[in-house]
Amino acid sequence: MKSILITGGAGFIGSHVVRLFVTKYPEYKIVNLDALTYAGNLENLKDIDHSPNYYFEKVNILDAEAITEVFIKHAITDVIHLAAESHVDRSIISPLDFVYTNIIGTVNLLNTARHQWKADYSSHLFYHISTDEVYGALGDTGLFTETTPYHPNSPYSASKASSDHFVRAYAETYHMKTVVSNCSNNYGPFHFPEKLIPLFINNIITKKPLPVYGDGLYTRDWLFVKDHALAIDLIFHQGKADETYNIGGFNEWRNIDLVKLLCTLMDEKLGRVKGESEALITYVKDRPGHDRRYAIDASKINKELGWKPTVTFEEGLSQTIDWYLENTEWLNNITSGAYAKYYESMYTNR
Ligand code: NAD
Ligand code: DAU
């Protein structure tokens, strides 16, 4: 029987992965390990938290002893590692937090797996979830492939790149079975409102300025979070050991075009006059080291595993807006308290 440790399961993507695995594989034991930082929220999982195959452990991945206890207690057979500090802007303010969690935390998990699974590495998988940001920035053309050289530009992407290298090093050195996937920008329900799409949805609802960084011509490749979870399921079960898979939406948008689309959709849904939300757009000081363009070539996972996005951007964005409009309590709980202080320090006088 599989007993899968999913780290960061109370976060945005992790909660979708936990939900998918708990409901699709009742025969697996799913252990969600999460420190519940500002980004972790057990509310994200309240629909499945009574499932008999679901377990939660509040543990920080900096605590090597506690990780070992969880491995032993639940006889962990496999790891899907999502826990991370994930926000680029926060990494510019506090790089060390990213070094600790993303690098040292990952090495702590690898070490525990290395010791606990040493009798037979071939029957255990360490699956590391990473980002396209490790490849750096693209110009106007081209796509990131699995062989694009790493060129991280932010403390966040440098810490994720480092963690990817450690995973590969453990595969080479100790012959552990690993896999890494590097995904583009996700969006969807439960996305923490410090990231572009949920932040702007919240600001449109509350009629606050929409702070577009720099000239707004930065480009991202957006993927609906449930399609990322489906890709993770496929790679976990059918991916080749020690390989990398790029995951992307084949869906590039310049920030300003995306923001205008969001404004139009929200004016319609909120019954506002067309153009009312666009008037909230405010150009602000750019993010330091801002990567101009990301775009993923996801042809390997498509050809080898048959994965492709199932949700169009128009459907996904519409579903996402509806979710935020229906879940104002979730949003209000987050946007009060510590978040309010973060928002003020990040955007006042920018
Ligand atoms: P998130 O910030 O929403 O969630 C991170 C989770 O990790 C939270 O539940 C938090 O409590 C937990 N966590 C943080 N530090 C921890 C620690 N020291 N110990 C234990 N738990 C800790 O992040 P997300 O957007 O869901 O991203 C999940 C993973 O996917 C990350 O590894 C990220 O790098 C990667 N990723 C994200 C995106 C994206 O667009 N969001 C795209 C590609 C890859
Ligand atoms: O590419 C994958 C990455 O996508 C993940 O690895 C990260 O965890 C995730 O946070 C995301 O990083 P980005 O920096 O691309 O996402 P963010 O939502 O912060 O910003 C998206 C774009 O919007 C980026 O060009 C910066 C811009 N932006 C963002 C914010 C928060 C603004 O113009 N204004 C804002 O207020």
# chains A, B, ... in the order shown; residues from 1 in each chain; ligands from 1
>>> select_by_dssp(residues="segment 121-236 of chain A", states="strand (DSSP E)", output="count of residues only")
26
>>> residues_near_ligand(ligand="ligand 2", cutoff="9 Å", atoms="only C-alpha atoms and all ligand atoms", output="PyMOL selection string")
chain A and resi 84-89+130-134+156-157+160+182-187+193-200+210-222+254-256+259+283-284+286-287+290-295+346-347
>>> residues_around(residues="segment 319-336 of chain A", least_positions_apart="4", cutoff="8 Å", atoms="only C-alpha atoms", output="list of chain:residue names")
A:Glu43, A:Tyr187, A:Gly188, A:Pro189, A:Pro193, A:Ile201, A:Asn202, A:Met266, A:Glu315, A:Ala340
>>> write_last_selection(atoms="all heavy atoms", output="mmCIF file, in the first residue's frame")
data_model
loop_
_atom_site.group_PDB
_atom_site.id
_atom_site.type_symbol
_atom_site.label_atom_id
_atom_site.label_comp_id
_atom_site.auth_asym_id
_atom_site.auth_seq_id
_atom_site.Cartn_x
_atom_site.Cartn_y
_atom_site.Cartn_z
ATOM 1 N N GLU A 43 -8.472 25.519 5.834
ATOM 2 C CA GLU A 43 -9.794 25.768 5.235
ATOM 3 C C GLU A 43 -9.825 25.270 3.779
ATOM 4 O O GLU A 43 -10.876 24.914 3.266
ATOM 5 C CB GLU A 43 -10.083 27.270 5.222
ATOM 6 C CG GLU A 43 -10.484 27.839 6.552
ATOM 7 C CD GLU A 43 -11.880 27.408 6.942
ATOM 8 O OE1 GLU A 43 -12.821 27.740 6.224
ATOM 9 O OE2 GLU A 43 -12.002 26.707 7.958
ATOM 10 N N TYR A 187 -3.150 29.351 -11.755
ATOM 11 C CA TYR A 187 -4.208 30.215 -11.217
ATOM 12 C C TYR A 187 -5.407 29.321 -10.921
ATOM 13 O O TYR A 187 -5.515 28.207 -11.437
ATOM 14 C CB TYR A 187 -4.584 31.322 -12.227
ATOM 15 C CG TYR A 187 -5.310 30.776 -13.435
ATOM 16 C CD1 TYR A 187 -6.705 30.800 -13.499
ATOM 17 C CD2 TYR A 187 -4.622 30.172 -14.481
ATOM 18 C CE1 TYR A 187 -7.380 30.252 -14.578
ATOM 19 C CE2 TYR A 187 -5.295 29.624 -15.552
ATOM 20 C CZ TYR A 187 -6.674 29.667 -15.605
ATOM 21 O OH TYR A 187 -7.343 29.106 -16.662
ATOM 22 N N GLY A 188 -6.321 29.811 -10.055
ATOM 23 C CA GLY A 188 -7.509 29.025 -9.734
ATOM 24 C C GLY A 188 -7.953 29.283 -8.308
ATOM 25 O O GLY A 188 -7.394 30.148 -7.616
ATOM 26 N N PRO A 189 -8.950 28.526 -7.826
ATOM 27 C CA PRO A 189 -9.437 28.675 -6.452
ATOM 28 C C PRO A 189 -8.331 28.446 -5.418
ATOM 29 O O PRO A 189 -7.404 27.671 -5.665
ATOM 30 C CB PRO A 189 -10.492 27.570 -6.334
ATOM 31 C CG PRO A 189 -10.935 27.303 -7.723
ATOM 32 C CD PRO A 189 -9.743 27.543 -8.595
ATOM 33 N N PRO A 193 -4.074 35.743 -2.104
ATOM 34 C CA PRO A 193 -4.242 37.022 -2.803
ATOM 35 C C PRO A 193 -3.079 38.000 -2.688
ATOM 36 O O PRO A 193 -3.276 39.201 -2.568
ATOM 37 C CB PRO A 193 -5.509 37.598 -2.152
ATOM 38 C CG PRO A 193 -5.556 36.968 -0.812
ATOM 39 C CD PRO A 193 -4.938 35.611 -0.936
ATOM 40 N N ILE A 201 -8.332 40.330 -8.469
ATOM 41 C CA ILE A 201 -9.764 40.018 -8.282
ATOM 42 C C ILE A 201 -10.243 40.699 -6.993
ATOM 43 O O ILE A 201 -11.274 41.370 -6.958
ATOM 44 C CB ILE A 201 -10.000 38.492 -8.216
ATOM 45 C CG1 ILE A 201 -9.772 37.854 -9.590
ATOM 46 C CG2 ILE A 201 -11.417 38.174 -7.700
ATOM 47 C CD1 ILE A 201 -9.889 36.331 -9.625
ATOM 48 N N ASN A 202 -9.452 40.539 -5.924
ATOM 49 C CA ASN A 202 -9.831 41.133 -4.637
ATOM 50 C C ASN A 202 -9.897 42.658 -4.725
ATOM 51 O O ASN A 202 -10.824 43.282 -4.211
ATOM 52 C CB ASN A 202 -8.831 40.688 -3.562
ATOM 53 C CG ASN A 202 -9.260 41.123 -2.174
ATOM 54 O OD1 ASN A 202 -10.445 41.091 -1.853
ATOM 55 N ND2 ASN A 202 -8.317 41.555 -1.369
ATOM 56 N N MET A 266 -15.012 40.880 -14.870
ATOM 57 C CA MET A 266 -15.548 41.203 -13.544
ATOM 58 C C MET A 266 -16.615 42.291 -13.602
ATOM 59 O O MET A 266 -17.575 42.258 -12.844
ATOM 60 C CB MET A 266 -14.414 41.557 -12.587
ATOM 61 C CG MET A 266 -13.637 40.288 -12.271
ATOM 62 S SD MET A 266 -12.775 40.298 -10.729
ATOM 63 C CE MET A 266 -13.998 40.544 -9.495
ATOM 64 N N GLU A 315 -12.527 29.663 -19.702
ATOM 65 C CA GLU A 315 -13.314 28.885 -18.714
ATOM 66 C C GLU A 315 -12.682 28.966 -17.328
ATOM 67 O O GLU A 315 -13.358 29.170 -16.329
ATOM 68 C CB GLU A 315 -13.319 27.387 -19.082
ATOM 69 C CG GLU A 315 -14.260 26.958 -20.171
ATOM 70 C CD GLU A 315 -13.870 25.562 -20.710
ATOM 71 O OE1 GLU A 315 -13.003 24.869 -20.113
ATOM 72 O OE2 GLU A 315 -14.428 25.200 -21.749
ATOM 73 N N ALA A 340 -2.934 42.381 5.818
ATOM 74 C CA ALA A 340 -3.158 43.818 5.664
ATOM 75 C C ALA A 340 -1.837 44.581 5.858
ATOM 76 O O ALA A 340 -1.529 45.511 5.108
ATOM 77 C CB ALA A 340 -4.210 44.298 6.661
#
>>> residues_near_ligand(ligand="ligand 1", cutoff="6 Å", atoms="only C-alpha atoms and all ligand atoms", output="MDAnalysis selection string")
chainID A and resid 8:14 34:37 39:40 59:62 82:86 101 129:131 183:186
>>> closest_residue(among="A:Met176, A:Ala137, A:Pro309, A:Leu265", to="Leu230 of chain A", atoms="only C-alpha atoms")
A:Pro309
>>> atom_distance(atom1="atom CA of Ser3 of chain A", atom2="atom CA of Gly239 of chain A")
18.4 Å
>>> residues_around(residues="Glu243 of chain A", least_positions_apart="5", cutoff="10 Å", atoms="only C-alpha atoms", output="list of chain:residue names")
A:Glu146, A:Arg168, A:Lys177, A:Thr178, A:Val179, A:Val180, A:Ser181, A:Ile235
>>> write_last_selection(atoms="N, CA and C atoms", output="PDB file, in the first residue's frame")
ATOM      1  N   GLU A 146      13.163  21.149 -21.323  1.00  0.00           N
ATOM      2  CA  GLU A 146      13.763  20.486 -20.162  1.00  0.00           C
ATOM      3  C   GLU A 146      15.282  20.619 -20.158  1.00  0.00           C
ATOM      4  N   ARG A 168      18.516  16.163  -7.911  1.00  0.00           N
ATOM      5  CA  ARG A 168      19.284  15.409  -8.920  1.00  0.00           C
ATOM      6  C   ARG A 168      20.557  14.821  -8.317  1.00  0.00           C
ATOM      7  N   LYS A 177      15.321   7.147  -6.313  1.00  0.00           N
ATOM      8  CA  LYS A 177      14.467   7.362  -7.484  1.00  0.00           C
ATOM      9  C   LYS A 177      13.768   8.724  -7.307  1.00  0.00           C
ATOM     10  N   THR A 178      14.017   9.618  -8.260  1.00  0.00           N
ATOM     11  CA  THR A 178      13.435  10.961  -8.145  1.00  0.00           C
ATOM     12  C   THR A 178      12.790  11.365  -9.463  1.00  0.00           C
ATOM     13  N   VAL A 179      11.979  12.399  -9.392  1.00  0.00           N
ATOM     14  CA  VAL A 179      11.482  13.047 -10.608  1.00  0.00           C
ATOM     15  C   VAL A 179      11.247  14.512 -10.249  1.00  0.00           C
ATOM     16  N   VAL A 180      11.438  15.399 -11.242  1.00  0.00           N
ATOM     17  CA  VAL A 180      11.230  16.841 -11.024  1.00  0.00           C
ATOM     18  C   VAL A 180      10.300  17.344 -12.114  1.00  0.00           C
ATOM     19  N   SER A 181       9.348  18.212 -11.740  1.00  0.00           N
ATOM     20  CA  SER A 181       8.597  18.900 -12.801  1.00  0.00           C
ATOM     21  C   SER A 181       8.674  20.397 -12.573  1.00  0.00           C
ATOM     22  N   ILE A 235       2.586  12.207 -13.754  1.00  0.00           N
ATOM     23  CA  ILE A 235       4.044  12.073 -13.611  1.00  0.00           C
ATOM     24  C   ILE A 235       4.368  11.158 -12.433  1.00  0.00           C
TER      25      ILE A 235
END
>>> select_by_dssp(residues="segment 222-329 of chain A", states="helix (DSSP H, G or I)", output="PyMOL selection string")
chain A and resi 225-238+255-270+278-280+299-305+313-326+328-329
>>> residues_around(residues="Glu276 of chain A", least_positions_apart="5", cutoff="12 Å", atoms="only C-alpha atoms", output="PDB file with all heavy atoms, in the first residue's frame")
ATOM      1  N   ILE A 204     -10.445  44.454  -7.385  1.00  0.00           N
ATOM      2  CA  ILE A 204     -11.597  44.877  -8.207  1.00  0.00           C
ATOM      3  C   ILE A 204     -12.870  44.812  -7.351  1.00  0.00           C
ATOM      4  O   ILE A 204     -13.670  45.745  -7.336  1.00  0.00           O
ATOM      5  CB  ILE A 204     -11.725  44.014  -9.483  1.00  0.00           C
ATOM      6  CG1 ILE A 204     -10.556  44.318 -10.438  1.00  0.00           C
ATOM      7  CG2 ILE A 204     -13.061  44.281 -10.187  1.00  0.00           C
ATOM      8  CD1 ILE A 204     -10.442  43.386 -11.638  1.00  0.00           C
ATOM      9  N   ILE A 205     -13.002  43.715  -6.579  1.00  0.00           N
ATOM     10  CA  ILE A 205     -14.197  43.594  -5.718  1.00  0.00           C
ATOM     11  C   ILE A 205     -14.278  44.807  -4.783  1.00  0.00           C
ATOM     12  O   ILE A 205     -15.315  45.420  -4.623  1.00  0.00           O
ATOM     13  CB  ILE A 205     -14.163  42.284  -4.884  1.00  0.00           C
ATOM     14  CG1 ILE A 205     -14.255  41.054  -5.784  1.00  0.00           C
ATOM     15  CG2 ILE A 205     -15.288  42.271  -3.834  1.00  0.00           C
ATOM     16  CD1 ILE A 205     -14.038  39.715  -5.073  1.00  0.00           C
ATOM     17  N   LYS A 207     -12.735  47.679  -5.105  1.00  0.00           N
ATOM     18  CA  LYS A 207     -12.505  48.951  -5.829  1.00  0.00           C
ATOM     19  C   LYS A 207     -11.225  49.644  -5.371  1.00  0.00           C
ATOM     20  O   LYS A 207     -11.186  50.852  -5.144  1.00  0.00           O
ATOM     21  CB  LYS A 207     -13.705  49.879  -5.695  1.00  0.00           C
ATOM     22  CG  LYS A 207     -14.988  49.289  -6.266  1.00  0.00           C
ATOM     23  CD  LYS A 207     -16.084  50.317  -6.341  1.00  0.00           C
ATOM     24  CE  LYS A 207     -17.329  49.709  -6.944  1.00  0.00           C
ATOM     25  NZ  LYS A 207     -18.467  50.583  -7.035  1.00  0.00           N
ATOM     26  N   LYS A 208     -10.152  48.835  -5.210  1.00  0.00           N
ATOM     27  CA  LYS A 208      -8.839  49.401  -4.856  1.00  0.00           C
ATOM     28  C   LYS A 208      -7.989  49.484  -6.133  1.00  0.00           C
ATOM     29  O   LYS A 208      -8.259  48.775  -7.109  1.00  0.00           O
ATOM     30  CB  LYS A 208      -8.129  48.486  -3.841  1.00  0.00           C
ATOM     31  CG  LYS A 208      -8.747  48.580  -2.460  1.00  0.00           C
ATOM     32  CD  LYS A 208      -7.781  48.406  -1.297  1.00  0.00           C
ATOM     33  CE  LYS A 208      -6.900  47.218  -1.247  1.00  0.00           C
ATOM     34  NZ  LYS A 208      -6.760  46.573   0.035  1.00  0.00           N
ATOM     35  N   PRO A 209      -6.909  50.303  -6.146  1.00  0.00           N
ATOM     36  CA  PRO A 209      -6.058  50.386  -7.340  1.00  0.00           C
ATOM     37  C   PRO A 209      -5.488  49.018  -7.732  1.00  0.00           C
ATOM     38  O   PRO A 209      -5.251  48.161  -6.867  1.00  0.00           O
ATOM     39  CB  PRO A 209      -4.922  51.327  -6.913  1.00  0.00           C
ATOM     40  CG  PRO A 209      -5.463  52.098  -5.770  1.00  0.00           C
ATOM     41  CD  PRO A 209      -6.469  51.213  -5.078  1.00  0.00           C
ATOM     42  N   LYS A 260      -6.700  43.544 -18.252  1.00  0.00           N
ATOM     43  CA  LYS A 260      -7.865  44.149 -18.933  1.00  0.00           C
ATOM     44  C   LYS A 260      -8.976  43.118 -19.131  1.00  0.00           C
ATOM     45  O   LYS A 260     -10.157  43.420 -18.959  1.00  0.00           O
ATOM     46  CB  LYS A 260      -7.439  44.767 -20.272  1.00  0.00           C
ATOM     47  CG  LYS A 260      -6.690  46.079 -20.060  1.00  0.00           C
ATOM     48  CD  LYS A 260      -6.338  46.762 -21.373  1.00  0.00           C
ATOM     49  CE  LYS A 260      -5.624  48.086 -21.082  1.00  0.00           C
ATOM     50  NZ  LYS A 260      -4.994  48.665 -22.270  1.00  0.00           N
ATOM     51  N   LEU A 262      -9.503  40.521 -17.223  1.00  0.00           N
ATOM     52  CA  LEU A 262     -10.063  40.309 -15.880  1.00  0.00           C
ATOM     53  C   LEU A 262     -11.065  41.418 -15.545  1.00  0.00           C
ATOM     54  O   LEU A 262     -12.159  41.156 -15.023  1.00  0.00           O
ATOM     55  CB  LEU A 262      -8.892  40.324 -14.883  1.00  0.00           C
ATOM     56  CG  LEU A 262      -9.062  39.720 -13.512  1.00  0.00           C
ATOM     57  CD1 LEU A 262      -9.478  38.266 -13.604  1.00  0.00           C
ATOM     58  CD2 LEU A 262      -7.732  39.820 -12.738  1.00  0.00           C
ATOM     59  N   CYS A 263     -10.692  42.651 -15.875  1.00  0.00           N
ATOM     60  CA  CYS A 263     -11.567  43.800 -15.586  1.00  0.00           C
ATOM     61  C   CYS A 263     -12.887  43.665 -16.344  1.00  0.00           C
ATOM     62  O   CYS A 263     -13.972  43.871 -15.769  1.00  0.00           O
ATOM     63  CB  CYS A 263     -10.888  45.109 -15.998  1.00  0.00           C
ATOM     64  SG  CYS A 263      -9.520  45.555 -14.924  1.00  0.00           S
ATOM     65  N   THR A 264     -12.806  43.285 -17.628  1.00  0.00           N
ATOM     66  CA  THR A 264     -14.027  43.159 -18.440  1.00  0.00           C
ATOM     67  C   THR A 264     -14.936  42.075 -17.866  1.00  0.00           C
ATOM     68  O   THR A 264     -16.141  42.277 -17.681  1.00  0.00           O
ATOM     69  CB  THR A 264     -13.642  42.779 -19.900  1.00  0.00           C
ATOM     70  OG1 THR A 264     -12.742  43.764 -20.366  1.00  0.00           O
ATOM     71  CG2 THR A 264     -14.849  42.714 -20.800  1.00  0.00           C
ATOM     72  N   LEU A 265     -14.331  40.899 -17.563  1.00  0.00           N
ATOM     73  CA  LEU A 265     -15.135  39.781 -17.027  1.00  0.00           C
ATOM     74  C   LEU A 265     -15.775  40.170 -15.697  1.00  0.00           C
ATOM     75  O   LEU A 265     -16.940  39.862 -15.426  1.00  0.00           O
ATOM     76  CB  LEU A 265     -14.263  38.537 -16.821  1.00  0.00           C
ATOM     77  CG  LEU A 265     -13.804  37.799 -18.076  1.00  0.00           C
ATOM     78  CD1 LEU A 265     -12.822  36.693 -17.721  1.00  0.00           C
ATOM     79  CD2 LEU A 265     -15.011  37.202 -18.792  1.00  0.00           C
ATOM     80  N   MET A 266     -15.012  40.880 -14.870  1.00  0.00           N
ATOM     81  CA  MET A 266     -15.548  41.203 -13.544  1.00  0.00           C
ATOM     82  C   MET A 266     -16.615  42.291 -13.602  1.00  0.00           C
ATOM     83  O   MET A 266     -17.575  42.258 -12.844  1.00  0.00           O
ATOM     84  CB  MET A 266     -14.414  41.557 -12.587  1.00  0.00           C
ATOM     85  CG  MET A 266     -13.637  40.288 -12.271  1.00  0.00           C
ATOM     86  SD  MET A 266     -12.775  40.298 -10.729  1.00  0.00           S
ATOM     87  CE  MET A 266     -13.998  40.544  -9.495  1.00  0.00           C
ATOM     88  N   ASP A 267     -16.454  43.252 -14.533  1.00  0.00           N
ATOM     89  CA  ASP A 267     -17.523  44.257 -14.707  1.00  0.00           C
ATOM     90  C   ASP A 267     -18.833  43.549 -15.065  1.00  0.00           C
ATOM     91  O   ASP A 267     -19.895  43.873 -14.522  1.00  0.00           O
ATOM     92  CB  ASP A 267     -17.154  45.261 -15.809  1.00  0.00           C
ATOM     93  CG  ASP A 267     -16.170  46.319 -15.314  1.00  0.00           C
ATOM     94  OD1 ASP A 267     -15.981  46.421 -14.082  1.00  0.00           O
ATOM     95  OD2 ASP A 267     -15.593  47.036 -16.147  1.00  0.00           O
ATOM     96  N   GLU A 268     -18.725  42.549 -15.984  1.00  0.00           N
ATOM     97  CA  GLU A 268     -19.939  41.810 -16.393  1.00  0.00           C
ATOM     98  C   GLU A 268     -20.537  41.077 -15.196  1.00  0.00           C
ATOM     99  O   GLU A 268     -21.725  41.162 -14.919  1.00  0.00           O
ATOM    100  CB  GLU A 268     -19.585  40.768 -17.471  1.00  0.00           C
ATOM    101  CG  GLU A 268     -19.427  41.360 -18.864  1.00  0.00           C
ATOM    102  CD  GLU A 268     -18.756  40.365 -19.831  1.00  0.00           C
ATOM    103  OE1 GLU A 268     -18.774  39.131 -19.551  1.00  0.00           O
ATOM    104  OE2 GLU A 268     -18.204  40.842 -20.821  1.00  0.00           O
ATOM    105  N   LEU A 270     -20.120  41.527 -11.991  1.00  0.00           N
ATOM    106  CA  LEU A 270     -20.548  42.365 -10.862  1.00  0.00           C
ATOM    107  C   LEU A 270     -21.631  43.360 -11.264  1.00  0.00           C
ATOM    108  O   LEU A 270     -22.075  44.167 -10.436  1.00  0.00           O
ATOM    109  CB  LEU A 270     -19.336  43.133 -10.297  1.00  0.00           C
ATOM    110  CG  LEU A 270     -18.288  42.273  -9.578  1.00  0.00           C
ATOM    111  CD1 LEU A 270     -16.990  43.052  -9.391  1.00  0.00           C
ATOM    112  CD2 LEU A 270     -18.809  41.794  -8.219  1.00  0.00           C
ATOM    113  N   GLY A 271     -22.024  43.305 -12.539  1.00  0.00           N
ATOM    114  CA  GLY A 271     -23.067  44.223 -13.025  1.00  0.00           C
ATOM    115  C   GLY A 271     -22.603  45.668 -12.998  1.00  0.00           C
ATOM    116  O   GLY A 271     -23.390  46.587 -12.777  1.00  0.00           O
ATOM    117  N   ILE A 281      -6.689  50.596 -12.919  1.00  0.00           N
ATOM    118  CA  ILE A 281      -5.306  50.220 -13.270  1.00  0.00           C
ATOM    119  C   ILE A 281      -4.356  51.378 -12.966  1.00  0.00           C
ATOM    120  O   ILE A 281      -4.586  52.508 -13.373  1.00  0.00           O
ATOM    121  CB  ILE A 281      -5.204  49.825 -14.770  1.00  0.00           C
ATOM    122  CG1 ILE A 281      -5.982  48.523 -15.030  1.00  0.00           C
ATOM    123  CG2 ILE A 281      -3.742  49.685 -15.204  1.00  0.00           C
ATOM    124  CD1 ILE A 281      -6.050  48.093 -16.484  1.00  0.00           C
TER     125      ILE A 281
END
>>> atom_distance(atom1="atom CA of Ser91 of chain A", atom2="atom CA of Pro155 of chain A")
5.5 Å
>>> atom_distance(atom1="atom CA of Thr68 of chain A", atom2="atom CA of Tyr55 of chain A")
15.9 Å
